[in-house]
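**Student:** Structure: coords21.json, JSON, C-alpha atoms.
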```json
[["chain", "number", "residue", "atom", "x", "y", "z"],
["A", 598, "MET", "CA", -11.90, 3.95, -4.53],
["A", 599, "LEU", "CA", -15.50, 2.83, -4.79],
["A", 600, "ASP", "CA", -15.09, 0.55, -1.77],
["A", 601, "ILE", "CA", -14.51, 3.60, 0.50],
["A", 602, "ALA", "CA", -16.70, 6.14, -1.33],
["A", 603, "ASP", "CA", -19.64, 5.94, 1.09],
["A", 604, "GLU", "CA", -17.37, 6.49, 4.10],
["A", 605, "LEU", "CA", -15.58, 9.38, 2.39],
["A", 606, "ASN", "CA", -18.92, 10.97, 1.59],
["A", 607, "GLN", "CA", -19.82, 10.70, 5.28],
["A", 608, "TRP", "CA", -16.50, 12.31, 6.26],
["A", 609, "VAL", "CA", -17.27, 15.22, 3.94],
["A", 610, "LYS", "CA", -20.74, 15.63, 5.44],
["A", 611, "GLU", "CA", -19.15, 15.65, 8.91],
["A", 612, "GLY", "CA", -16.67, 18.35, 7.85],
["A", 613, "ARG", "CA", -13.59, 16.16, 8.35],
["A", 614, "ASP", "CA", -10.26, 16.87, 6.67],
["A", 615, "PHE", "CA", -8.63, 13.78, 5.20],
["A", 616, "ALA", "CA", -6.06, 12.56, 2.72],
["A", 617, "VAL", "CA", -6.75, 9.95, 0.07],
["A", 618, "ALA", "CA", -4.05, 7.64, -1.28],
["A", 619, "THR", "CA", -4.96, 6.09, -4.62],
["A", 620, "VAL", "CA", -3.10, 3.48, -6.65],
["A", 621, "VAL", "CA", -2.65, 5.20, -10.02],
["A", 622, "ALA", "CA", -0.30, 2.77, -11.79],
["A", 623, "VAL", "CA", 0.94, -0.80, -11.41],
["A", 624, "GLU", "CA", 3.90, -2.55, -13.02],
["A", 625, "GLY", "CA", 4.30, -6.29, -12.68],
["A", 626, "SER", "CA", 2.74, -8.19, -9.82],
["A", 627, "ALA", "CA", 0.95, -6.08, -7.21],
["A", 628, "PRO", "CA", -1.62, -6.86, -4.55],
["A", 629, "ARG", "CA", -4.13, -4.16, -5.62],
["A", 630, "THR", "CA", -5.09, -2.65, -8.96],
["A", 631, "PRO", "CA", -5.29, 1.00, -10.02],
["A", 632, "GLY", "CA", -8.16, 2.70, -8.24],
["A", 633, "ALA", "CA", -7.56, 0.98, -4.91],
["A", 634, "ALA", "CA", -7.62, 3.61, -2.19],
["A", 635, "LEU", "CA", -6.86, 4.29, 1.44],
["A", 636, "ALA", "CA", -7.89, 7.39, 3.39],
["A", 637, "VAL", "CA", -6.74, 8.87, 6.68],
["A", 638, "ASP", "CA", -8.68, 11.56, 8.53],
["A", 639, "GLY", "CA", -7.32, 14.26, 10.83],
["A", 640, "ASP", "CA", -7.79, 11.98, 13.86],
["A", 641, "GLY", "CA", -5.75, 9.17, 12.27],
["A", 642, "VAL", "CA", -8.74, 6.97, 11.39],
["A", 643, "VAL", "CA", -7.92, 4.77, 8.39],
["A", 644, "ILE", "CA", -10.24, 3.21, 5.83],
["A", 645, "GLY", "CA", -9.39, 1.16, 2.74],
["A", 646, "SER", "CA", -6.16, -0.39, 1.49],
["A", 647, "VAL", "CA", -3.65, 0.24, -1.27],
["A", 648, "SER", "CA", -1.42, -2.81, -0.92],
["A", 649, "GLY", "CA", -2.96, -5.39, 1.36],
["A", 650, "GLY", "CA", -0.43, -4.48, 4.05],
["A", 651, "CYS", "CA", 2.94, -4.25, 2.29],
["A", 652, "VAL", "CA", 3.27, -0.46, 2.28],
["A", 653, "GLU", "CA", 0.25, 0.67, 4.32],
["A", 654, "GLY", "CA", 2.40, 2.11, 7.14],
["A", 655, "ALA", "CA", 4.44, 4.27, 4.79],
["A", 656, "VAL", "CA", 1.31, 5.40, 2.94],
["A", 657, "TYR", "CA", -0.33, 6.28, 6.27],
["A", 658, "GLU", "CA", 2.65, 8.52, 7.11],
["A", 659, "LEU", "CA", 2.44, 10.19, 3.69],
["A", 660, "CYS", "CA", -1.26, 10.87, 4.25],
["A", 661, "VAL", "CA", -0.56, 12.42, 7.65],
["A", 662, "GLN", "CA", 2.13, 14.61, 6.06],
["A", 663, "ALA", "CA", -0.23, 15.65, 3.26],
["A", 664, "LEU", "CA", -2.82, 16.65, 5.85],
["A", 665, "GLN", "CA", -0.23, 18.76, 7.63],
["A", 666, "ASP", "CA", 1.28, 20.56, 4.65],
["A", 667, "GLY", "CA", -1.67, 20.51, 2.24],
["A", 668, "GLU", "CA", 0.48, 19.24, -0.64],
["A", 669, "PRO", "CA", -0.32, 16.24, -2.87],
["A", 670, "VAL", "CA", 2.48, 13.77, -3.50],
["A", 671, "LEU", "CA", 3.12, 10.94, -5.95],
["A", 672, "GLU", "CA", 5.15, 8.10, -4.45],
["A", 673, "ARG", "CA", 6.49, 4.92, -6.05],
["A", 674, "PHE", "CA", 6.81, 1.69, -4.07],
["A", 675, "GLY", "CA", 8.50, -1.44, -5.32],
["A", 676, "TYR", "CA", 10.97, -4.13, -4.44],
["A", 677, "SER", "CA", 14.56, -2.97, -4.53],
["A", 678, "ALA", "CA", 17.37, -5.53, -4.44],
["A", 679, "GLU", "CA", 19.81, -2.65, -3.86],
["A", 680, "ASP", "CA", 18.06, -1.54, -0.67],
["A", 681, "ALA", "CA", 16.52, -4.55, 1.01],
["A", 682, "PHE", "CA", 15.41, -2.44, 3.98],
["A", 683, "ALA", "CA", 13.41, 0.07, 1.91],
["A", 684, "VAL", "CA", 9.62, 0.00, 2.18],
["A", 685, "GLY", "CA", 8.39, -1.93, -0.82],
["A", 686, "LEU", "CA", 6.33, -4.74, -2.23],
["A", 687, "THR", "CA", 7.47, -8.26, -1.53],
["A", 688, "CYS", "CA", 5.61, -9.49, -4.64],
["A", 689, "GLY", "CA", 8.19, -7.89, -6.92],
["A", 690, "GLY", "CA", 5.87, -5.36, -8.54],
["A", 691, "VAL", "CA", 5.82, -1.58, -8.50],
["A", 692, "ILE", "CA", 2.91, 0.67, -7.57],
["A", 693, "ASP", "CA", 2.54, 4.43, -7.93],
["A", 694, "ILE", "CA", 0.34, 6.04, -5.29],
["A", 695, "LEU", "CA", -1.08, 9.55, -5.43],
["A", 696, "ILE", "CA", -1.79, 11.11, -2.03],
["A", 697, "THR", "CA", -4.24, 14.01, -2.13],
["A", 698, "PRO", "CA", -5.26, 16.08, 0.90],
["A", 699, "VAL", "CA", -8.91, 17.11, 1.05],
["A", 700, "ARG", "CA", -9.99, 20.07, 3.16],
["A", 701, "ALA", "CA", -13.65, 19.82, 4.08],
["A", 702, "GLY", "CA", -13.92, 23.60, 4.38],
["A", 703, "GLY", "CA", -12.67, 24.20, 0.87],
["A", 704, "THR", "CA", -9.12, 25.36, 1.65],
["A", 705, "GLY", "CA", -5.99, 23.45, 0.78],
["A", 706, "ALA", "CA", -5.05, 21.23, -2.11],
["A", 707, "ALA", "CA", -8.50, 19.84, -2.83],
["A", 708, "HIS", "CA", -12.14, 20.35, -1.95],
["A", 709, "VAL", "CA", -15.00, 17.90, -2.20],
["A", 710, "PRO", "CA", -18.37, 19.66, -2.42],
["A", 711, "THR", "CA", -21.06, 18.50, 0.02]]
```
Go through the file and emit its structure as structure tokens.
**Tutor:**
Amino acid sequence: MLDIADELNQWVKEGRDFAVATVVAVEGSAPRTPGAALAVDGDGVVIGSVSGGCVEGAVYELCVQALQDGEPVLERFGYSAEDAFAVGLTCGGVIDILITPVRAGGTGAAHVPT
């Protein structure tokens, strides 16, 4: 999260709504550790990374959805031998990602003071 903190602070100052996806747990091998974060603003601008590319597209879509409905979501991504076409990590690990919408004006699921 610290690697995108300055940009997020700027987004808040600019009054942008955004959603933050944060790795909250890791099991086995994973490309990023807990605390890694990705954010998407209302215009679709993306900063950061939660997986080095493996699940970024799916996380982006979850962020967009969280911006639309204002609801946080916890999603688990991992390799599944049963469903080879599911979005997951090719490294064999499992990551839990928390997506939290942030409303710059103070309404919605979360508010970051300026």
**Student:** Pick from A:Ala622, A:Val699, A:Cys660, A:Ala633: nearest to Ser648 (chain A), with only C-alpha atoms counted?
**Tutor:**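 Smallest distance to Ser648 (chain A) is found for A:Ala633.
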**Student:** Quick one: of A:Glu653, A:Asp600, A:Glu624, A:Asp638, who's nearest to Gly612 (chain A), counting only C-alpha atoms?
**Tutor:**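 Looking only at the distances to Gly612 (chain A), the closest residue turns out to be A:Asp638.
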**Student:** Closest to Arg700 (chain A) among A:Ala655, A:Ala602, A:Leu635, A:Val617, using all atoms listed in the file?
**Tutor:** A:Val617
**Student:** Step by step: start from the point (-2.5, -3.6, -8.4) in the file's coordinates, keep every protein, DNA or RNA residue that has an atom no farther than 10 Å from it, count all atoms listed in the file, and write the set as a PyMOL selection string.
**Tutor:** chain A and resi 620-633+647-649+690-693
**Student:** Neighbours of Ala616 (chain A) within 12 Å (only C-alpha atoms; same-chain residues fewer than 4 positions away dropped), as a ChimeraX atom specification?
**Tutor:** /A:605,608-609,634-645,656-670,695-701,705-709
**Student:** If you measure from CA of Gly654 (chain A) to CA of Glu672 (chain A), what distance in Å do you get, rounded to one decimal?
**Tutor:**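 So the two atoms, CA of Gly654 (chain A) and CA of Glu672 (chain A), lie 13.3 Å apart.
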**Student:** Counting all atoms listed in the file, which residue out of A:Val652, A:Arg613, A:Ile694, A:Thr619 sits closest to Ile601 (chain A)?
**Tutor:**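 Selected residue with least distance to Ile601 (chain A): A:Thr619.
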